[in-house]
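Asker: Okay, handing you the structure first.
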Amino acid sequence: MKKRVALWFKNDLRLSDHAALQQALQTGAEIIPVYCLDPAQFLPGKFGLRRTGVFRAAFLLESLKALEADLRNLGSGLVLCLENAETALPKLVKEWNCSAVFTQDEFGTEERKQLERLKEKLAEQGCDIQTSPPEFLLPLDKLPWRIDQVPDVFTAWRKVVEGIGLPENFIPRPASIPSPLIPDANFPNLSEFGLEIPVPDNRSAFPFRAGEAAAMERIRYYGPQTQLLSQYKETRNGLVGTDYSSKLSPWLANGNLSARMVFCEVKRYEREFGANQSTYWLIFELRWRDFFRLMMLKYGPLLFSFHGFRREFSPPAGRDENAFKRWKEGKTGQPFVDAAMRELSATGFMGNRMRQVTASWLVDHMEVDWRLGAAWFEEQLIDYDVASNWGNWAYQAGVGNDPRGKRVFNAQPQADMYDPGKEYQRLWSKG
Ligand SMILES: Cc1cc2nc3c(=O)[nH]c(=O)nc-3n(C[C@H](O)[C@H](O)[C@H](O)COP(=O)(O)OP(=O)(O)OC[C@H]3O[C@@H](n4cnc5c(N)ncnc54)[C@H](O)[C@@H]3O)c2cc1C
């Protein structure tokens with residue numbers, strides 16, 4: 001019988017720039033692609049909020065369907081397990097007779113622990129887990145510091161890493177993937193996880209489909225087709241419509257795209273249309289993503305704790321359920337904040353400026369524990385990313401990476417500056 005290995009997909013749902021796939025292919029073995037969809041991720045978590053809400057769940061399912069179709073086109077398929085990976089993978093390895101599991105390494109705290117437990121469990125079955133490096137724009141092995149010595153201040157870190165060259169190419173998707181016959185995946189309905197199917201809202205700033213092809217289409221649209229990229233720095237604080245920023249975050253969060261793929265497309269764009277402050281700034285923002293991932297590696301569970309890693313500062317600790325409910329439902333009475341909270345509930349998306357304004361309102365004005373806000377964003381955001389979400393919230397609450405300690409975004413002056421004609425507030429005056 002031919003040698004077989006499993007390829008375990010997680011938040012890397014694509015076939016291009018996929019180091020674990022490449023390593024699996026190099027073994028010459030048949031490949032069993034697998035994804036474990038754990039029903040527990042749809043249950044309420046620590047603060048009584050779901051860890052995955054409807055928009056992200058729908059986007060994830062669509063990403064998986066797109067991945068399965070892509071895999072089929074290359075002669076393979078996808079085994080979808082509706083179980084926790086720790087239960088599913090030992091069974092899968094046995095059933096398909098796999099000698100190794102290839103997967104991407106993790107930067108998230110819980111995910112790293114799970115991987116360690118699985119390594120032990122599979123070793124008992126004589127099966128290895130081989131990991132490829134976690135996804136970063138700047139590969140971890142090019143970092144000039146040990147993880148525990150990475151600077152805590154973004155600017156200090158950025159000035160050094162900007163001097164390190166990045167490859168302008170990525171691993172291409174393979175032409176074919178050798179696999180035995182894999183039956184069609186049986187995709188669950190959202191209702192099986194107690195979720196309703198989201199109703200599309202034509203006001204959404206993110207009306208796009210999931211999957212690598214849709215992500216590449218968006219890059220082409222934002223880059224060569226419209227050249228919106230050349231104005232990104234001026235428009236990125238916008239509030240209405242699809243075009244004020246790249247909108248790449250949901251695809252990046254699911255791994256339909258890697259940061260390196262975006263970087264290469266920006267470089268290609270610069271060669272054709274010229275580099276400017278805006279093309280630089282998109283990469284600058286992607287560096288924040290890397291930076292928060294590094295902070296997660298460096299500080300682990302501290303990033304989820306009330307004091308974050310700035311033990312000297314105590315943020316507000318309020319647990320006023322009513323205040324929190326009014327914030328979530330867009331009923332605070334502050335029209336700018338309420339508009340954004342309605343947008344989030346109706347679409348699963350909110351632009352960066354409004355994330356800062358609404359987070360500051362909850363923490364600085366309502367004096368509610370920042371972790372409740374982070375947990376609400378975790379449930380709602382279609383682009384939820386553990387490091388970017390908790391890192392940005394900790395930053396906003398003054399317990400993370402802000403060298404100034406605290407940054408308050410006063411809602412009314414922000415509204416006057418970014419929504420002077422009240423277009424955004426009118427658009428989201430109703431949920
Ligand atoms: C309280 C709060 C919570 C957030 N939660 C998340 C989250 O869960 N997932 C997430 O991807 N981003 C999060 N962000 C960062 C940022 O708001 C989004 O990445 C951005 O709005 C996504 O839209 P875009 O793709 O059009 O961004 P663009 O402005 O086009 O930026 C391009 C890419 O750069 C990265 N990026 C931009 N800003 C940031 C940032 N501040 N931190 C980290 N990466 C950044 C993203 O990958 C983004 O797709 C959060 C910000 C705040 C203030």
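To be explicit about the labels: the chains of the structure tokens are called A, B, and onward in the order shown, and within each one the residues are counted from 1, while ligands get numbers from 1 in the order they are shown.
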Which residues, written as a PyMOL selection string, have at least one atom at most 8 Å from Ser258 in chain A, with only C-alpha atoms counted and residues fewer than 2 positions away on the same chain left out?
Answerer: chain A and resi 12+17+135+137+252+255-256+260-262
Asker: For the residues in that selection, give me N, CA and C atoms as a short mmCIF file (atom, residue, chain, number, x, y, z; two decimals), in the first residue's frame.
Answerer:
data_model
loop_
_atom_site.label_atom_id
_atom_site.label_comp_id
_atom_site.auth_asym_id
_atom_site.auth_seq_id
_atom_site.Cartn_x
_atom_site.Cartn_y
_atom_site.Cartn_z
N ASP A 12 -5.49 28.27 7.69
CA ASP A 12 -4.61 28.40 6.53
C ASP A 12 -5.34 27.79 5.32
N ASP A 17 1.14 29.42 -1.32
CA ASP A 17 1.97 29.80 -0.17
C ASP A 17 1.67 28.92 1.05
N GLU A 135 2.32 31.46 10.30
CA GLU A 135 2.30 32.45 9.20
C GLU A 135 2.61 33.86 9.70
N LEU A 137 4.53 37.71 8.14
CA LEU A 137 5.09 38.39 6.98
C LEU A 137 6.61 38.23 7.01
N LEU A 252 -7.50 37.08 5.30
CA LEU A 252 -6.26 36.82 6.03
C LEU A 252 -6.53 36.01 7.29
N GLY A 255 -6.94 32.56 6.50
CA GLY A 255 -5.82 32.01 5.74
C GLY A 255 -6.17 31.74 4.28
N ASN A 256 -7.22 32.37 3.77
CA ASN A 256 -7.49 32.27 2.33
C ASN A 256 -6.36 32.98 1.58
N ARG A 260 2.26 37.22 3.18
CA ARG A 260 3.29 37.27 2.14
C ARG A 260 2.69 37.39 0.74
N MET A 261 1.55 36.73 0.53
CA MET A 261 0.89 36.86 -0.77
C MET A 261 0.48 38.31 -1.02
N VAL A 262 -0.03 38.96 0.04
CA VAL A 262 -0.42 40.37 -0.11
C VAL A 262 0.83 41.21 -0.40
#
Asker: Range 351-354 of chain A: which residues within 9 Å, counting only C-alpha atoms, same-chain residues fewer than 5 positions away excluded, as a list in words?
Answerer: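 Contacts, with the query itself left out: Ala205, Arg236, Asn237, Gly238, Leu239, Val240, Tyr244, Ser245, Lys247, Phe336, Val337, Ala340, Met341, Ala359, Gln414 and Tyr418 of chain A.
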Asker: Could you save the residues just selected, with N, CA and C atoms, as a PDB file, in the first residue's frame?
Answerer:
ATOM      1  N   ALA A 205     -19.936  46.808   4.391  1.00  0.00           N
ATOM      2  CA  ALA A 205     -18.631  47.173   3.824  1.00  0.00           C
ATOM      3  C   ALA A 205     -17.862  45.927   3.401  1.00  0.00           C
ATOM      4  N   ARG A 236      -7.988  55.280   4.370  1.00  0.00           N
ATOM      5  CA  ARG A 236      -8.104  54.115   5.251  1.00  0.00           C
ATOM      6  C   ARG A 236      -8.934  54.347   6.520  1.00  0.00           C
ATOM      7  N   ASN A 237      -9.160  55.613   6.868  1.00  0.00           N
ATOM      8  CA  ASN A 237     -10.009  55.887   8.040  1.00  0.00           C
ATOM      9  C   ASN A 237     -11.466  56.114   7.652  1.00  0.00           C
ATOM     10  N   GLY A 238     -11.805  55.778   6.419  1.00  0.00           N
ATOM     11  CA  GLY A 238     -13.184  55.958   5.944  1.00  0.00           C
ATOM     12  C   GLY A 238     -14.140  55.050   6.702  1.00  0.00           C
ATOM     13  N   LEU A 239     -15.430  55.270   6.436  1.00  0.00           N
ATOM     14  CA  LEU A 239     -16.433  54.554   7.215  1.00  0.00           C
ATOM     15  C   LEU A 239     -17.475  53.845   6.350  1.00  0.00           C
ATOM     16  N   VAL A 240     -17.688  54.326   5.129  1.00  0.00           N
ATOM     17  CA  VAL A 240     -18.806  53.810   4.335  1.00  0.00           C
ATOM     18  C   VAL A 240     -18.310  53.154   3.045  1.00  0.00           C
ATOM     19  N   TYR A 244     -12.851  52.060   1.049  1.00  0.00           N
ATOM     20  CA  TYR A 244     -11.983  52.968   1.813  1.00  0.00           C
ATOM     21  C   TYR A 244     -10.721  52.281   2.344  1.00  0.00           C
ATOM     22  N   SER A 245     -10.796  50.929   2.461  1.00  0.00           N
ATOM     23  CA  SER A 245      -9.589  50.184   2.870  1.00  0.00           C
ATOM     24  C   SER A 245      -9.578  48.873   2.097  1.00  0.00           C
ATOM     25  N   LYS A 247      -9.963  45.720   2.913  1.00  0.00           N
ATOM     26  CA  LYS A 247     -10.955  44.688   3.288  1.00  0.00           C
ATOM     27  C   LYS A 247     -10.368  43.269   3.160  1.00  0.00           C
ATOM     28  N   PHE A 336     -22.688  58.139  17.042  1.00  0.00           N
ATOM     29  CA  PHE A 336     -21.554  57.642  16.245  1.00  0.00           C
ATOM     30  C   PHE A 336     -21.203  56.216  16.700  1.00  0.00           C
ATOM     31  N   VAL A 337     -21.141  56.046  18.012  1.00  0.00           N
ATOM     32  CA  VAL A 337     -20.832  54.727  18.586  1.00  0.00           C
ATOM     33  C   VAL A 337     -21.953  53.746  18.231  1.00  0.00           C
ATOM     34  N   ALA A 340     -21.891  52.353  14.704  1.00  0.00           N
ATOM     35  CA  ALA A 340     -20.867  51.319  14.488  1.00  0.00           C
ATOM     36  C   ALA A 340     -21.279  49.980  15.096  1.00  0.00           C
ATOM     37  N   MET A 341     -21.888  50.044  16.278  1.00  0.00           N
ATOM     38  CA  MET A 341     -22.277  48.789  16.920  1.00  0.00           C
ATOM     39  C   MET A 341     -23.398  48.102  16.127  1.00  0.00           C
ATOM     40  N   ALA A 359     -14.315  50.846  21.078  1.00  0.00           N
ATOM     41  CA  ALA A 359     -13.567  50.221  22.183  1.00  0.00           C
ATOM     42  C   ALA A 359     -13.307  51.278  23.260  1.00  0.00           C
ATOM     43  N   GLN A 414     -14.363  62.733  17.185  1.00  0.00           N
ATOM     44  CA  GLN A 414     -14.067  61.748  16.121  1.00  0.00           C
ATOM     45  C   GLN A 414     -15.172  61.780  15.060  1.00  0.00           C
ATOM     46  N   TYR A 418     -14.423  62.529  11.250  1.00  0.00           N
ATOM     47  CA  TYR A 418     -14.492  61.451  10.260  1.00  0.00           C
ATOM     48  C   TYR A 418     -15.879  61.278   9.627  1.00  0.00           C
TER      49      TYR A 418
END
Asker: May I have the residues within 6 Å of ligand 1, computed using only C-alpha atoms and all ligand atoms, as an MDAnalysis selection string?
Answerer: chainID A and resid 236 245:249 282 285:286 288:289 351:352 355:356 359 383:385 388:389 392:393
Asker: Convert the current residue selection to file output with C-alpha atoms, as a compact mmCIF listing (two decimals), in the first residue's frame.
Answerer:
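Below you can see result.txt, which holds the result:
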# COMPACT_ATOMS: atom_id res chain seq x y z
CA ARG A 236 -8.10 54.12 5.25
CA SER A 245 -9.59 50.18 2.87
CA SER A 246 -8.38 46.89 1.46
CA LYS A 247 -10.95 44.69 3.29
CA LEU A 248 -8.44 41.84 3.17
CA SER A 249 -8.74 41.01 6.87
CA LEU A 282 -0.57 48.83 3.54
CA GLU A 285 -0.45 47.92 8.66
CA LEU A 286 0.33 44.29 7.90
CA TRP A 288 0.91 45.38 13.04
CA ARG A 289 -0.55 41.95 12.40
CA GLY A 351 -13.62 49.64 9.96
CA ASN A 352 -10.52 50.28 12.04
CA ARG A 355 -13.17 49.77 16.29
CA GLN A 356 -10.99 52.28 18.11
CA ALA A 359 -13.57 50.22 22.18
CA ASP A 383 -12.14 38.81 10.50
CA TYR A 384 -11.58 37.75 14.11
CA ASP A 385 -7.93 36.94 14.67
CA SER A 388 -5.03 41.18 16.40
CA ASN A 389 -8.25 41.32 18.39
CA ASN A 392 -5.67 45.78 19.84
CA TRP A 393 -8.11 45.65 22.75
Asker: Just list the residues in range 76-315 of chain A DSSP gives strand (DSSP E) on the backbone, as a PyMOL selection string.
Answerer: chain A and resi 79-81+100-104+128-132
Asker: What does the file look like for those residues with C-alpha atoms, as a PDB file, in the first residue's frame?
Answerer:
ATOM      1  CA  VAL A  79     -12.100  15.085   5.062  1.00  0.00           C
ATOM      2  CA  LEU A  80     -14.298  17.207   7.296  1.00  0.00           C
ATOM      3  CA  CYS A  81     -14.466  16.012  10.915  1.00  0.00           C
ATOM      4  CA  ALA A 100       2.602  11.569   9.694  1.00  0.00           C
ATOM      5  CA  VAL A 101       0.488  14.700  10.011  1.00  0.00           C
ATOM      6  CA  PHE A 102       1.699  17.895   8.351  1.00  0.00           C
ATOM      7  CA  THR A 103       0.397  21.184   9.665  1.00  0.00           C
ATOM      8  CA  GLN A 104       1.248  24.823  10.239  1.00  0.00           C
ATOM      9  CA  ASP A 128       4.647  12.241  13.835  1.00  0.00           C
ATOM     10  CA  ILE A 129       3.338  15.770  13.620  1.00  0.00           C
ATOM     11  CA  GLN A 130       5.561  17.808  11.330  1.00  0.00           C
ATOM     12  CA  THR A 131       5.021  21.538  11.567  1.00  0.00           C
ATOM     13  CA  SER A 132       5.822  24.304   9.137  1.00  0.00           C
TER      14      SER A 132
END
Asker: When you count only C-alpha atoms, which of these residues is closest to Val93 in chain A: A:Phe42, A:Trp8, A:Phe206, A:Phe309?
Answerer: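 Nearest to Val93 in chain A: A:Trp8.
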Asker: Near Phe47 in chain A, within 9 Å and counting only C-alpha atoms, which residues show up once chain neighbours fewer than 6 positions away are dropped, as a list in words?
Answerer: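 Residues meeting the cut-off are Arg371, Leu372, Ala375 and Trp376 of chain A.
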Asker: Mind checking which residues fall within 9 Å of Thr347 in chain A, counting only C-alpha atoms, ignoring those fewer than 4 positions away in the same chain, and posting them as a VMD selection string?
Answerer: chain A and resid 55 198 to 201 203 to 207 342 to 343 380 to 382
Asker: Next, the residues of the selection above should be written as a short mmCIF file (atom, residue, chain, number, x, y, z; two decimals), in the first residue's frame with N, CA and C atoms.
Answerer:
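So the final result, stored in selection25.cif, reads:
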data_model
loop_
_atom_site.label_atom_id
_atom_site.label_comp_id
_atom_site.auth_asym_id
_atom_site.auth_seq_id
_atom_site.Cartn_x
_atom_site.Cartn_y
_atom_site.Cartn_z
N PHE A 55 -21.66 35.43 11.39
CA PHE A 55 -20.97 35.89 10.18
C PHE A 55 -19.66 35.12 9.96
N PRO A 198 -27.13 34.20 8.38
CA PRO A 198 -27.14 35.67 8.39
C PRO A 198 -27.87 36.24 7.17
N VAL A 199 -28.62 37.30 7.40
CA VAL A 199 -29.34 37.95 6.29
C VAL A 199 -28.39 38.98 5.68
N PRO A 200 -28.13 38.89 4.36
CA PRO A 200 -27.22 39.88 3.77
C PRO A 200 -27.79 41.30 3.91
N ASP A 201 -26.91 42.25 4.19
CA ASP A 201 -27.33 43.64 4.38
C ASP A 201 -26.63 44.45 3.29
N ARG A 203 -25.93 47.34 3.01
CA ARG A 203 -25.06 48.44 3.47
C ARG A 203 -23.67 47.93 3.85
N SER A 204 -23.47 46.61 3.79
CA SER A 204 -22.23 46.03 4.32
C SER A 204 -20.98 46.54 3.60
N ALA A 205 -19.94 46.81 4.39
CA ALA A 205 -18.63 47.17 3.82
C ALA A 205 -17.86 45.93 3.40
N PHE A 206 -18.39 44.75 3.76
CA PHE A 206 -17.72 43.51 3.36
C PHE A 206 -18.76 42.54 2.77
N PRO A 207 -19.18 42.77 1.52
CA PRO A 207 -20.20 41.90 0.92
C PRO A 207 -19.59 40.74 0.12
N ARG A 342 -24.26 48.91 15.51
CA ARG A 342 -25.30 48.32 14.65
C ARG A 342 -24.67 47.73 13.39
N GLU A 343 -23.70 48.44 12.85
CA GLU A 343 -23.02 47.91 11.66
C GLU A 343 -22.40 46.54 11.97
N GLN A 380 -18.45 38.50 17.12
CA GLN A 380 -19.08 39.16 15.97
C GLN A 380 -18.21 39.28 14.72
N LEU A 381 -16.91 39.54 14.92
CA LEU A 381 -16.09 39.93 13.76
C LEU A 381 -15.88 38.80 12.76
N ILE A 382 -16.16 39.09 11.52
CA ILE A 382 -15.92 38.13 10.45
C ILE A 382 -14.41 37.91 10.27
#
Asker: Can you list, as a list of chain:residue names, every protein, DNA or RNA residue that comes within 7 Å of range 153-164 of chain A when you count only C-alpha atoms, leaving out same-chain residues fewer than 3 positions away?
Answerer: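 The filter keeps A:Phe291, A:Asn401, A:Asp402, A:Pro403.
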Asker: Can you pull out the residues contacting Glu379 in chain A? Cut-off 10 Å, using only C-alpha atoms, and skip same-chain residues under 3 positions away; I want them as a ChimeraX atom specification.
Answerer: /A:42,44-45,49-57,345,348,373-376,382,384
Asker: Calculated over only C-alpha atoms, which of the candidates A:Glu111, A:Glu83, A:Asp70, A:Asp416 has the smallest distance to Pro174 in chain A?
Answerer: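 Looking at the shortest contact to Pro174 in chain A, the residue is A:Asp70.
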Asker: Show which residues sit within 12 Å of Asn73 in chain A, as a VMD selection string. Count only C-alpha atoms, and ignore same-chain residues fewer than 6 positions away.
Answerer: chain A and resid 15 66 to 67 173 to 179
Asker: Mind dumping the selected residues with C-alpha atoms as a short mmCIF file (atom, residue, chain, number, x, y, z; two decimals), in the first residue's frame?
Answerer:
data_model
loop_
_atom_site.label_atom_id
_atom_site.label_comp_id
_atom_site.auth_asym_id
_atom_site.auth_seq_id
_atom_site.Cartn_x
_atom_site.Cartn_y
_atom_site.Cartn_z
CA LEU A 15 -3.39 26.10 -1.52
CA ALA A 66 -14.02 26.77 -1.61
CA LEU A 67 -11.01 24.83 -0.31
CA ARG A 173 -0.10 26.25 -5.63
CA PRO A 174 0.75 22.73 -6.83
CA ALA A 175 -0.50 21.41 -10.15
CA SER A 176 -1.93 18.29 -8.53
CA ILE A 177 -2.21 16.57 -5.16
CA PRO A 178 -1.93 12.77 -5.00
CA SER A 179 -4.75 11.35 -2.87
#
Asker: Taking only C-alpha atoms into account, name the residue in A:Arg293, A:Lys10, A:His18, A:Arg310 that is nearest to Phe170 in chain A.
Answerer: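 With only C-alpha atoms as the atom set, the closest residue is A:His18.
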Asker: Go through A:Leu303, A:Met350, A:Ala397, A:Ala339 one by one, measure the shortest atom-to-atom distance of each to Gly241 in chain A using only C-alpha atoms, and give the residue with the smallest value.
Answerer: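 That would be A:Met350, the residue with the smallest distance to Gly241 in chain A.
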Asker: As a PyMOL selection string, please: all residues of range 279-343 of chain A that backbone DSSP puts in helix (DSSP H, G or I).
Answerer: chain A and resi 279-304+321-329+335-343
Asker: Please write the residues from the selection above to a file, keeping N, CA and C atoms, as a compact mmCIF listing (two decimals), in the first residue's frame.
Answerer:
# COMPACT_ATOMS: atom_id res chain seq x y z
N THR A 279 1.17 52.69 -0.73
CA THR A 279 1.58 51.29 -0.93
C THR A 279 2.45 50.86 0.26
N TYR A 280 3.28 51.81 0.73
CA TYR A 280 4.09 51.52 1.93
C TYR A 280 3.18 51.26 3.13
N TRP A 281 2.11 52.05 3.22
CA TRP A 281 1.28 52.00 4.43
C TRP A 281 0.49 50.70 4.55
N LEU A 282 0.15 50.11 3.44
CA LEU A 282 -0.57 48.83 3.54
C LEU A 282 0.35 47.78 4.18
N ILE A 283 1.61 47.80 3.78
CA ILE A 283 2.56 46.86 4.39
C ILE A 283 2.80 47.23 5.86
N PHE A 284 2.86 48.55 6.11
CA PHE A 284 3.01 49.03 7.49
C PHE A 284 1.89 48.44 8.37
N GLU A 285 0.67 48.45 7.86
CA GLU A 285 -0.45 47.92 8.66
C GLU A 285 -0.33 46.40 8.83
N LEU A 286 0.14 45.74 7.78
CA LEU A 286 0.33 44.29 7.90
C LEU A 286 1.38 43.96 8.96
N ARG A 287 2.31 44.91 9.16
CA ARG A 287 3.33 44.69 10.20
C ARG A 287 2.67 44.65 11.59
N TRP A 288 1.62 45.43 11.76
CA TRP A 288 0.91 45.38 13.04
C TRP A 288 0.41 43.96 13.31
N ARG A 289 -0.05 43.32 12.25
CA ARG A 289 -0.55 41.95 12.40
C ARG A 289 0.57 41.04 12.89
N ASP A 290 1.74 41.15 12.26
CA ASP A 290 2.91 40.38 12.70
C ASP A 290 3.24 40.69 14.15
N PHE A 291 3.22 42.00 14.46
CA PHE A 291 3.64 42.44 15.79
C PHE A 291 2.74 41.84 16.87
N PHE A 292 1.42 41.88 16.66
CA PHE A 292 0.52 41.32 17.67
C PHE A 292 0.69 39.80 17.77
N ARG A 293 1.02 39.16 16.67
CA ARG A 293 1.29 37.71 16.73
C ARG A 293 2.53 37.45 17.60
N LEU A 294 3.53 38.31 17.43
CA LEU A 294 4.74 38.14 18.25
C LEU A 294 4.45 38.38 19.72
N MET A 295 3.60 39.36 19.99
CA MET A 295 3.25 39.64 21.39
C MET A 295 2.51 38.46 22.00
N MET A 296 1.69 37.79 21.17
CA MET A 296 0.98 36.61 21.66
C MET A 296 1.98 35.49 21.97
N LEU A 297 2.99 35.35 21.12
CA LEU A 297 4.01 34.33 21.39
C LEU A 297 4.80 34.69 22.64
N LYS A 298 5.06 36.00 22.79
CA LYS A 298 5.90 36.43 23.91
C LYS A 298 5.15 36.36 25.24
N TYR A 299 3.91 36.82 25.25
CA TYR A 299 3.20 36.94 26.54
C TYR A 299 2.14 35.88 26.79
N GLY A 300 1.74 35.14 25.75
CA GLY A 300 0.78 34.05 25.94
C GLY A 300 -0.47 34.49 26.67
N PRO A 301 -0.86 33.73 27.71
CA PRO A 301 -2.14 33.99 28.39
C PRO A 301 -2.26 35.39 29.01
N LEU A 302 -1.11 36.05 29.26
CA LEU A 302 -1.19 37.40 29.86
C LEU A 302 -1.99 38.35 29.00
N LEU A 303 -1.96 38.13 27.68
CA LEU A 303 -2.66 39.03 26.78
C LEU A 303 -4.18 38.97 26.95
N PHE A 304 -4.68 37.91 27.57
CA PHE A 304 -6.12 37.78 27.80
C PHE A 304 -6.48 38.20 29.23
N GLU A 321 -23.86 45.00 33.50
CA GLU A 321 -24.46 44.21 32.41
C GLU A 321 -25.32 45.08 31.49
N ASN A 322 -26.02 46.05 32.12
CA ASN A 322 -26.90 46.89 31.31
C ASN A 322 -26.11 47.80 30.38
N ALA A 323 -25.04 48.36 30.93
CA ALA A 323 -24.20 49.24 30.11
C ALA A 323 -23.62 48.44 28.94
N PHE A 324 -23.15 47.25 29.25
CA PHE A 324 -22.54 46.41 28.21
C PHE A 324 -23.59 46.05 27.14
N LYS A 325 -24.79 45.74 27.60
CA LYS A 325 -25.87 45.38 26.67
C LYS A 325 -26.20 46.58 25.76
N ARG A 326 -26.25 47.77 26.34
CA ARG A 326 -26.57 48.96 25.53
C ARG A 326 -25.47 49.18 24.49
N TRP A 327 -24.25 48.96 24.88
CA TRP A 327 -23.12 49.13 23.95
C TRP A 327 -23.24 48.11 22.80
N LYS A 328 -23.44 46.84 23.18
CA LYS A 328 -23.54 45.78 22.16
C LYS A 328 -24.65 46.06 21.17
N GLU A 329 -25.79 46.52 21.70
CA GLU A 329 -26.97 46.68 20.85
C GLU A 329 -27.03 48.03 20.15
N PRO A 335 -24.67 58.70 19.02
CA PRO A 335 -25.05 58.22 17.69
C PRO A 335 -23.91 57.60 16.86
N PHE A 336 -22.69 58.14 17.04
CA PHE A 336 -21.55 57.64 16.24
C PHE A 336 -21.20 56.22 16.70
N VAL A 337 -21.14 56.05 18.01
CA VAL A 337 -20.83 54.73 18.59
C VAL A 337 -21.95 53.75 18.23
N ASP A 338 -23.19 54.19 18.38
CA ASP A 338 -24.33 53.29 18.13
C ASP A 338 -24.38 52.84 16.67
N ALA A 339 -24.05 53.77 15.76
CA ALA A 339 -24.05 53.41 14.33
C ALA A 339 -23.09 52.24 14.11
N ALA A 340 -21.89 52.35 14.70
CA ALA A 340 -20.87 51.32 14.49
C ALA A 340 -21.28 49.98 15.10
N MET A 341 -21.89 50.04 16.28
CA MET A 341 -22.28 48.79 16.92
C MET A 341 -23.40 48.10 16.13
N ARG A 342 -24.26 48.91 15.51
CA ARG A 342 -25.30 48.32 14.65
C ARG A 342 -24.67 47.73 13.39
N GLU A 343 -23.70 48.44 12.85
CA GLU A 343 -23.02 47.91 11.66
C GLU A 343 -22.40 46.54 11.97
Asker: Restricting the calculation to only C-alpha atoms, which member of A:Glu120, A:Asp38, A:Glu423, A:Asp320 is positioned closest to Phe193 in chain A?
Answerer: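 Answer, going by the shortest atom-to-atom distance: A:Asp38.
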Asker: Compare A:Gln114, A:Ala40, A:Lys3, A:Lys119 by their minimum atom-to-atom distance to Trp96 in chain A, counting only C-alpha atoms, and give me the closest one.
Answerer: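 When distances to Trp96 in chain A are compared using only C-alpha atoms, the smallest one comes from A:Lys3.
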